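Below: the structure, in structure tokens.
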Amino acid sequence: DTEVTQTPKHLVMGMTNKKSLKCEQHMGHRAMYWYKQKAKKPPELMFVYSYEKLSINESVPSRFSPECPNSSLLNLHLHALQPEDSALYLCASSQESEGVLAYEQYFGPGTRLTVT
Amino acid sequence: GEDVEQSLFLSVREGDSSVINCTYTDSSSTYLYWYKQEPGAGLQLLTYIFSNMDMKQDQRLTVLLNKKDKHLSLRIADTQTGDSAIYFCAEKDTGFQKLVFGTGTRLLVSP
């Protein structure tokens, strides 16, 4: 199984809502990532979890709150988002967080988020 | 941070070869990667090359690396309509555990 799954596929939320994005992998990978991708742009790294501990936070606003409940799951909790947060949110995983294998990342299909 | 530049768009006919170019600025990058993104999908790793290599071939894909000019290219032989996608090169950010992606090249293959 070389698949990373993400739910939901699409999400529309108001600025006062609270919602969560979910990501799951069963490849035994110990590093998991959240990226944000705006249209016609490359993905931008938001967070890295290594062995279920947050190892990188790329100065992401606190209205985005990641959580790694176990080695297979990664959540992104959303609260009080702004319209400019509308984007494709991609989850990825890799065997490790350092070395060449860190950058052999497997991506999920993404959640298309629209903030109204 | 590093800047990784790519040309925005490439159009080819089915059966031709495609060459997608990438220039990077971090000369200490040890690994360089090519990812493919189809519409509405996540990124798929196509191939990677170590910095001590000049070339790597994998079926229809050939990666060329010119370290002196910090230039990376991806050649797709016998391009098919299913190859239409956005292609991103990426390098490891020195000192950080992250990939730096290029600006992306949209490849359009016409029948």
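Numbering starts fresh at 1 for the residues of each chain in the structure tokens, the chains themselves are lettered A, B, ... in the order given, and ligands are numbered from 1 as they appear.
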
Could the residues of chain A that have an atom at most 6 Å from chain B be listed as JSON lines, each with its closest atom pair and the distance in Å to one decimal, counting only C-alpha atoms and ordered by chain and ascending residue number?
```
{"residue": "A:Pro42", "atom": "CA", "partner": "B:Thr103", "partner_atom": "CA", "distance": 5.7}
{"residue": "A:Phe107", "atom": "CA", "partner": "B:Gly42", "partner_atom": "CA", "distance": 5.4}
{"residue": "A:Gly108", "atom": "CA", "partner": "B:Gly42", "partner_atom": "CA", "distance": 5.4}
{"residue": "A:Pro109", "atom": "CA", "partner": "B:Gly42", "partner_atom": "CA", "distance": 4.2}
{"residue": "A:Gly110", "atom": "CA", "partner": "B:Gly42", "partner_atom": "CA", "distance": 5.9}
```

Strand (DSSP E or B) per DSSP on the backbone: members of chain A, as a JSON list (two decimals) with C-alpha atoms, in the first residue's frame:
```
[["chain", "number", "residue", "atom", "x", "y", "z"],
["A", 4, "VAL", "CA", -1.74, 8.56, 1.29],
["A", 5, "THR", "CA", -5.43, 9.33, 1.75],
["A", 6, "GLN", "CA", -6.95, 12.67, 2.64],
["A", 7, "THR", "CA", -10.46, 13.60, 3.68],
["A", 10, "HIS", "CA", -13.48, 19.43, -0.84],
["A", 11, "LEU", "CA", -14.39, 21.70, 2.06],
["A", 12, "VAL", "CA", -16.23, 25.00, 2.13],
["A", 13, "MET", "CA", -16.23, 26.81, 5.44],
["A", 18, "LYS", "CA", -14.01, 25.07, 13.01],
["A", 19, "LYS", "CA", -13.13, 22.14, 10.80],
["A", 20, "SER", "CA", -10.43, 19.49, 10.49],
["A", 21, "LEU", "CA", -8.54, 17.96, 7.60],
["A", 22, "LYS", "CA", -7.43, 14.36, 7.93],
["A", 23, "CYS", "CA", -4.55, 12.42, 6.41],
["A", 24, "GLU", "CA", -3.70, 8.73, 6.74],
["A", 25, "GLN", "CA", -0.89, 6.46, 5.54],
["A", 31, "ALA", "CA", 7.62, 11.60, 8.86],
["A", 32, "MET", "CA", 4.46, 13.41, 7.77],
["A", 33, "TYR", "CA", 3.99, 16.83, 6.23],
["A", 34, "TRP", "CA", 1.35, 19.47, 5.57],
["A", 35, "TYR", "CA", 1.72, 21.70, 2.52],
["A", 36, "LYS", "CA", -0.41, 24.54, 1.21],
["A", 37, "GLN", "CA", -0.66, 25.05, -2.54],
["A", 44, "GLU", "CA", 4.67, 25.54, 0.42],
["A", 45, "LEU", "CA", 5.65, 23.57, 3.49],
["A", 46, "MET", "CA", 3.62, 24.28, 6.62],
["A", 47, "PHE", "CA", 4.49, 21.59, 9.18],
["A", 48, "VAL", "CA", 6.69, 18.52, 9.54],
["A", 49, "TYR", "CA", 6.10, 15.74, 12.06],
["A", 50, "SER", "CA", 8.91, 13.31, 12.77],
["A", 53, "LYS", "CA", 6.62, 15.09, 17.20],
["A", 54, "LEU", "CA", 6.37, 18.47, 15.51],
["A", 55, "SER", "CA", 9.81, 19.20, 14.10],
["A", 56, "ILE", "CA", 9.14, 22.11, 11.73],
["A", 57, "ASN", "CA", 6.57, 24.88, 11.90],
["A", 64, "PHE", "CA", -3.88, 26.31, 11.68],
["A", 65, "SER", "CA", -3.23, 23.69, 14.35],
["A", 66, "PRO", "CA", -1.63, 20.36, 13.41],
["A", 67, "GLU", "CA", -1.99, 17.16, 15.36],
["A", 68, "CYS", "CA", -0.38, 13.74, 14.96],
["A", 69, "PRO", "CA", -2.38, 11.30, 17.11],
["A", 70, "ASN", "CA", -0.33, 8.29, 15.96],
["A", 73, "LEU", "CA", -2.60, 9.81, 11.15],
["A", 74, "LEU", "CA", -2.12, 13.52, 10.70],
["A", 75, "ASN", "CA", -4.79, 16.14, 11.27],
["A", 76, "LEU", "CA", -4.95, 19.85, 10.54],
["A", 77, "HIS", "CA", -7.44, 21.74, 12.68],
["A", 78, "LEU", "CA", -8.78, 24.95, 11.19],
["A", 79, "HIS", "CA", -10.37, 27.83, 13.08],
["A", 87, "ALA", "CA", -6.03, 26.64, -1.29],
["A", 88, "LEU", "CA", -5.26, 22.98, -1.91],
["A", 89, "TYR", "CA", -3.90, 21.41, 1.28],
["A", 90, "LEU", "CA", -1.61, 18.49, 0.63],
["A", 91, "CYS", "CA", -0.44, 15.87, 3.06],
["A", 92, "ALA", "CA", 2.71, 13.84, 2.42],
["A", 93, "SER", "CA", 4.75, 11.20, 4.17],
["A", 94, "SER", "CA", 8.26, 9.77, 3.92],
["A", 106, "TYR", "CA", 4.41, 10.37, -1.10],
["A", 107, "PHE", "CA", 1.59, 12.86, -1.49],
["A", 111, "THR", "CA", -8.24, 18.78, 0.21],
["A", 112, "ARG", "CA", -9.53, 21.75, -1.80],
["A", 113, "LEU", "CA", -10.48, 24.32, 0.84],
["A", 114, "THR", "CA", -12.64, 27.36, 0.16],
["A", 115, "VAL", "CA", -13.14, 29.94, 2.92]]
```

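Counting only C-alpha atoms, the residue from B:Arg13, B:Lys70, B:Arg75, B:Lys36 that sits nearest to Asp58 of chain B is B:Arg75.
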
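From atom CA of Asn66 of chain B back to atom CA of Asp54 of chain B, the distance works out to 6.6 Å.
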
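For Leu108 of chain B, the set of protein, DNA and RNA residues having any atom at most 7 Å away, when counting only C-alpha atoms and skipping those fewer than 2 positions along the same chain, is Leu10, Ser11, Val12, Ser84, Ala85, Arg106 and Ser110 of chain B.
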